Amino acid sequence: MDMFIIKNDGNSRKIIDLGDGIRIGEREFTIISGPCAVENEEQIELAAEALSSMGIKILRGGAFKPRTSPYTFQGLGLEGLRLLKNAGKRHNMKVISEVMDPRDLEASYDYVDIFQIGSRNMQNYTLLKEVGKFNKPVLLKRGMAATIEEWVMAAEYIASEGNDKIILCERGIRTFEEYTRNTLDLTVVPIIKELTNLPIIVDPSHGTGRKELIRPLTRASVAIGADGVMIEAHPNPCEALSDGKQSLNFEEMRAVLSDIEAIKNCMDNLNS
Ligand code: PEP
Ligand code: MN
């Protein structure tokens, strides 16, 4: 693989510093949570309030949504980013949101702390190169049909333009299996650590499509050495405008957080 910038050269691993003591990578286990999409002010405020009270420091919420059907909710666009940023600000959270179009990067820049590149755009090389010109962390999701090599080379595209503040995110791949939305490929966690110096987090929401699988797969993500997880959570998942089936309510989120602490302790004991 032709990696130069993001290659694991045996030296220190990349740490993504978001400011205010919030760092991704190395010894941190980062939890990113929030709704699939920002739907309205009340919804994102309720999410920010509940999640920040649990100690979660990064709020997610899509504003530009890549939906299968053009007739379903497409997100609130810049207005959604504004609502997300304000909710984050009120609760001292950093925010992340997906960008799909290079023409939206400039306008989105001031609203988000991390640009998310979604699975469907992992090989949108124009977008990768453009986002690589900004001084802003990028979370790059794995394409749903991307090999590890294609994925890390997509990250190298971003880095080659000057921006090496990249977080990789495993979100499941398409396989013959239809019971789950995707097949969450946790194998990549140690492989990405071997190959690159970048942090890798896991998204068990998109990775499975089923809320009951989030808890066990989050446990596994901690145990396998991921640098964090991204989990969809909504004040009322049954009424969510997108991805409600793979979104936790806040009580369920609390249970996942206590699991994370327990497995982290096990891992610390194992490694000491
Ligand atoms: C999302 O995070 O809501 C999303 C659309 O994810 P993915 O690109 O992994 O499908
Ligand atoms: Mn989603």
# chains A, B, ... in the order shown; residues from 1 in each chain; ligands from 1
>>> select_by_dssp(residues="region 62-244 of chain A", states="strand (DSSP E)", output="list in words")
Lys94, Val95, Ile96, Ser97, Glu98, Ile114, Phe115, Gln116, Ile117, Val138, Leu139, Leu140, Lys141, Ile166, Ile167, Leu168, Cys169, Glu170, Ile200, Ile201, Val202, Gly228, Val229, Met230, Ile231 and Glu232 of chain A
>>> write_last_selection(atoms="C-alpha atoms", output="PDB file, in the first residue's frame")
ATOM      1  CA  LYS A  94     -17.888  19.440  20.328  1.00  0.00           C
ATOM      2  CA  VAL A  95     -19.933  18.577  17.258  1.00  0.00           C
ATOM      3  CA  ILE A  96     -19.584  16.414  14.176  1.00  0.00           C
ATOM      4  CA  SER A  97     -21.708  16.340  11.029  1.00  0.00           C
ATOM      5  CA  GLU A  98     -21.516  14.828   7.579  1.00  0.00           C
ATOM      6  CA  ILE A 114     -15.157  17.450  12.870  1.00  0.00           C
ATOM      7  CA  PHE A 115     -16.199  16.942   9.254  1.00  0.00           C
ATOM      8  CA  GLN A 116     -17.700  13.488   8.711  1.00  0.00           C
ATOM      9  CA  ILE A 117     -17.262  11.807   5.345  1.00  0.00           C
ATOM     10  CA  VAL A 138     -12.110  14.562   9.456  1.00  0.00           C
ATOM     11  CA  LEU A 139     -13.872  11.344  10.427  1.00  0.00           C
ATOM     12  CA  LEU A 140     -13.695   9.020   7.431  1.00  0.00           C
ATOM     13  CA  LYS A 141     -16.190   6.186   7.454  1.00  0.00           C
ATOM     14  CA  ILE A 166      -8.077  11.915  10.387  1.00  0.00           C
ATOM     15  CA  ILE A 167     -10.150   9.473  12.419  1.00  0.00           C
ATOM     16  CA  LEU A 168     -11.200   6.240  10.738  1.00  0.00           C
ATOM     17  CA  CYS A 169     -14.621   4.779  11.490  1.00  0.00           C
ATOM     18  CA  GLU A 170     -15.680   1.181  10.830  1.00  0.00           C
ATOM     19  CA  ILE A 200     -10.061   4.079  14.722  1.00  0.00           C
ATOM     20  CA  ILE A 201     -13.544   4.138  16.133  1.00  0.00           C
ATOM     21  CA  VAL A 202     -16.511   1.818  15.611  1.00  0.00           C
ATOM     22  CA  GLY A 228     -14.013   4.973  20.589  1.00  0.00           C
ATOM     23  CA  VAL A 229     -17.526   4.422  19.339  1.00  0.00           C
ATOM     24  CA  MET A 230     -20.147   6.455  17.551  1.00  0.00           C
ATOM     25  CA  ILE A 231     -23.673   5.536  18.616  1.00  0.00           C
ATOM     26  CA  GLU A 232     -26.957   6.990  17.413  1.00  0.00           C
TER      27      GLU A 232
END
>>> closest_atom_pairs(of="chain A", to="ligand 2", cutoff="7 Å", atoms="only C-alpha atoms and all ligand atoms", output="JSON lines")
{"residue": "A:Cys36", "atom": "CA", "partner": "ligand 2", "partner_atom_place_in_ligand_line": "1 (Mn)", "distance": 4.0}
{"residue": "A:Ala37", "atom": "CA", "partner": "ligand 2", "partner_atom_place_in_ligand_line": "1 (Mn)", "distance": 6.9}
{"residue": "A:His206", "atom": "CA", "partner": "ligand 2", "partner_atom_place_in_ligand_line": "1 (Mn)", "distance": 6.5}
{"residue": "A:Glu232", "atom": "CA", "partner": "ligand 2", "partner_atom_place_in_ligand_line": "1 (Mn)", "distance": 6.9}
{"residue": "A:Ser242", "atom": "CA", "partner": "ligand 2", "partner_atom_place_in_ligand_line": "1 (Mn)", "distance": 6.5}
{"residue": "A:Asp243", "atom": "CA", "partner": "ligand 2", "partner_atom_place_in_ligand_line": "1 (Mn)", "distance": 5.2}
>>> residues_around(residues="region 64-66 of chain A", least_positions_apart="6", cutoff="12 Å", atoms="only C-alpha atoms", output="PyMOL selection string")
chain A and resi 35-39+72-81+96-101+104-105+108+115-121+241-243
>>> residues_around(residues="Val152 (chain A)", least_positions_apart="6", cutoff="10 Å", atoms="only C-alpha atoms", output="ChimeraX atom specification")
/A:1-3,6-7,140,142,146,168,192,195-196,198
>>> atom_distance(atom1="CA of Asn265 (chain A)", atom2="atom 9 (O, counted along the ligand's line) of ligand 1")
28.8 Å
>>> atom_distance(atom1="CA of Val112 (chain A)", atom2="CA of Pro235 (chain A)")
21.8 Å
>>> closest_residue(among="A:Ile214, A:Ile5, A:Cys238, A:Met144", to="ligand 1", atoms="only C-alpha atoms and all ligand atoms")
A:Met144
>>> closest_residue(among="A:Ser12, A:Lys129, A:Gly55, A:Ile31", to="Pro204 (chain A)", atoms="only C-alpha atoms")
A:Ile31
>>> closest_residue(among="A:Gly62, A:Pro190, A:Gly19, A:Gly225", to="ligand 1", atoms="only C-alpha atoms and all ligand atoms")
A:Gly62
>>> atom_distance(atom1="CA of Ser33 (chain A)", atom2="CA of Ile58 (chain A)")
6.6 Å
>>> residues_around(residues="Ile44 (chain A)", least_positions_apart="4", cutoff="10 Å", atoms="only C-alpha atoms", output="JSON, numbers by chain")
{"A": [34, 35, 37, 38, 39, 40, 48, 49, 50, 59, 60, 61, 80, 83, 84, 85, 86, 87, 88, 234, 235]}
>>> write_last_selection(atoms="N, CA, C and O atoms", output="PDB file, in the first residue's frame")
ATOM      1  N   GLY A  34     -25.524  11.005  19.442  1.00  0.00           N
ATOM      2  CA  GLY A  34     -26.518  11.988  19.034  1.00  0.00           C
ATOM      3  C   GLY A  34     -27.398  11.351  17.987  1.00  0.00           C
ATOM      4  O   GLY A  34     -27.197  10.202  17.604  1.00  0.00           O
ATOM      5  N   PRO A  35     -28.379  12.089  17.531  1.00  0.00           N
ATOM      6  CA  PRO A  35     -29.309  11.509  16.560  1.00  0.00           C
ATOM      7  C   PRO A  35     -28.670  11.328  15.187  1.00  0.00           C
ATOM      8  O   PRO A  35     -27.666  11.969  14.875  1.00  0.00           O
ATOM      9  N   ALA A  37     -30.036  12.348  12.475  1.00  0.00           N
ATOM     10  CA  ALA A  37     -30.207  13.662  11.842  1.00  0.00           C
ATOM     11  C   ALA A  37     -30.715  14.683  12.846  1.00  0.00           C
ATOM     12  O   ALA A  37     -31.484  14.352  13.751  1.00  0.00           O
ATOM     13  N   VAL A  38     -30.267  15.924  12.668  1.00  0.00           N
ATOM     14  CA  VAL A  38     -30.866  17.034  13.417  1.00  0.00           C
ATOM     15  C   VAL A  38     -32.250  17.251  12.810  1.00  0.00           C
ATOM     16  O   VAL A  38     -32.379  17.462  11.607  1.00  0.00           O
ATOM     17  N   GLU A  39     -33.286  17.147  13.662  1.00  0.00           N
ATOM     18  CA  GLU A  39     -34.660  17.251  13.141  1.00  0.00           C
ATOM     19  C   GLU A  39     -35.307  18.584  13.471  1.00  0.00           C
ATOM     20  O   GLU A  39     -36.064  19.132  12.677  1.00  0.00           O
ATOM     21  N   ASN A  40     -35.031  19.084  14.660  1.00  0.00           N
ATOM     22  CA  ASN A  40     -35.557  20.393  15.082  1.00  0.00           C
ATOM     23  C   ASN A  40     -34.792  20.803  16.336  1.00  0.00           C
ATOM     24  O   ASN A  40     -34.016  20.018  16.889  1.00  0.00           O
ATOM     25  N   ALA A  48     -28.516  16.807  23.406  1.00  0.00           N
ATOM     26  CA  ALA A  48     -27.291  17.416  23.957  1.00  0.00           C
ATOM     27  C   ALA A  48     -27.349  17.438  25.481  1.00  0.00           C
ATOM     28  O   ALA A  48     -26.366  17.129  26.162  1.00  0.00           O
ATOM     29  N   GLU A  49     -28.509  17.791  25.997  1.00  0.00           N
ATOM     30  CA  GLU A  49     -28.668  17.869  27.449  1.00  0.00           C
ATOM     31  C   GLU A  49     -28.447  16.505  28.094  1.00  0.00           C
ATOM     32  O   GLU A  49     -27.648  16.354  29.029  1.00  0.00           O
ATOM     33  N   ALA A  50     -29.139  15.491  27.570  1.00  0.00           N
ATOM     34  CA  ALA A  50     -29.047  14.157  28.174  1.00  0.00           C
ATOM     35  C   ALA A  50     -27.649  13.567  28.012  1.00  0.00           C
ATOM     36  O   ALA A  50     -27.066  13.034  28.966  1.00  0.00           O
ATOM     37  N   LEU A  59     -21.071  15.560  20.200  1.00  0.00           N
ATOM     38  CA  LEU A  59     -22.460  15.410  19.753  1.00  0.00           C
ATOM     39  C   LEU A  59     -22.495  15.250  18.237  1.00  0.00           C
ATOM     40  O   LEU A  59     -21.867  16.018  17.514  1.00  0.00           O
ATOM     41  N   ARG A  60     -23.220  14.245  17.774  1.00  0.00           N
ATOM     42  CA  ARG A  60     -23.391  14.069  16.334  1.00  0.00           C
ATOM     43  C   ARG A  60     -24.809  14.479  15.924  1.00  0.00           C
ATOM     44  O   ARG A  60     -25.721  14.505  16.753  1.00  0.00           O
ATOM     45  N   GLY A  61     -24.970  14.754  14.644  1.00  0.00           N
ATOM     46  CA  GLY A  61     -26.285  15.067  14.112  1.00  0.00           C
ATOM     47  C   GLY A  61     -26.124  15.448  12.654  1.00  0.00           C
ATOM     48  O   GLY A  61     -25.424  16.396  12.322  1.00  0.00           O
ATOM     49  N   GLY A  80     -29.636  23.073  10.058  1.00  0.00           N
ATOM     50  CA  GLY A  80     -29.369  21.948  10.958  1.00  0.00           C
ATOM     51  C   GLY A  80     -28.008  22.098  11.628  1.00  0.00           C
ATOM     52  O   GLY A  80     -27.852  21.811  12.825  1.00  0.00           O
ATOM     53  N   LEU A  83     -28.311  24.649  14.398  1.00  0.00           N
ATOM     54  CA  LEU A  83     -28.975  24.094  15.591  1.00  0.00           C
ATOM     55  C   LEU A  83     -28.025  23.163  16.346  1.00  0.00           C
ATOM     56  O   LEU A  83     -27.961  23.166  17.571  1.00  0.00           O
ATOM     57  N   LEU A  84     -27.263  22.379  15.585  1.00  0.00           N
ATOM     58  CA  LEU A  84     -26.311  21.442  16.199  1.00  0.00           C
ATOM     59  C   LEU A  84     -25.243  22.197  16.976  1.00  0.00           C
ATOM     60  O   LEU A  84     -24.947  21.891  18.131  1.00  0.00           O
ATOM     61  N   LYS A  85     -24.681  23.194  16.322  1.00  0.00           N
ATOM     62  CA  LYS A  85     -23.613  23.956  16.969  1.00  0.00           C
ATOM     63  C   LYS A  85     -24.117  24.645  18.235  1.00  0.00           C
ATOM     64  O   LYS A  85     -23.458  24.635  19.275  1.00  0.00           O
ATOM     65  N   ASN A  86     -25.299  25.244  18.160  1.00  0.00           N
ATOM     66  CA  ASN A  86     -25.831  25.942  19.331  1.00  0.00           C
ATOM     67  C   ASN A  86     -26.114  24.985  20.481  1.00  0.00           C
ATOM     68  O   ASN A  86     -25.821  25.287  21.630  1.00  0.00           O
ATOM     69  N   ALA A  87     -26.652  23.810  20.153  1.00  0.00           N
ATOM     70  CA  ALA A  87     -26.910  22.822  21.212  1.00  0.00           C
ATOM     71  C   ALA A  87     -25.587  22.382  21.831  1.00  0.00           C
ATOM     72  O   ALA A  87     -25.469  22.252  23.055  1.00  0.00           O
ATOM     73  N   GLY A  88     -24.590  22.164  20.999  1.00  0.00           N
ATOM     74  CA  GLY A  88     -23.271  21.772  21.499  1.00  0.00           C
ATOM     75  C   GLY A  88     -22.699  22.844  22.418  1.00  0.00           C
ATOM     76  O   GLY A  88     -22.179  22.547  23.496  1.00  0.00           O
ATOM     77  N   HIS A 234     -31.463   9.047  20.383  1.00  0.00           N
ATOM     78  CA  HIS A 234     -32.558   9.964  20.031  1.00  0.00           C
ATOM     79  C   HIS A 234     -33.506  10.038  21.224  1.00  0.00           C
ATOM     80  O   HIS A 234     -33.720   9.032  21.904  1.00  0.00           O
ATOM     81  N   PRO A 235     -34.113  11.206  21.480  1.00  0.00           N
ATOM     82  CA  PRO A 235     -35.048  11.311  22.618  1.00  0.00           C
ATOM     83  C   PRO A 235     -36.217  10.332  22.485  1.00  0.00           C
ATOM     84  O   PRO A 235     -36.754   9.867  23.484  1.00  0.00           O
TER      85      PRO A 235
END
>>> residues_around(residues="Met267 (chain A)", least_positions_apart="6", cutoff="12 Å", atoms="only C-alpha atoms", output="PyMOL selection string")
chain A and resi 27+29+219-226+260-261
>>> closest_residue(among="A:Glu156, A:Glu239, A:Asp259, A:Asp203", to="ligand 1", atoms="only C-alpha atoms and all ligand atoms")
A:Asp203
>>> select_by_dssp(residues="region 28-180 of chain A", states="helix (DSSP H, G or I)", output="PyMOL selection string")
chain A and resi 41-53+78-90+102-108+119-121+125-131+148-160
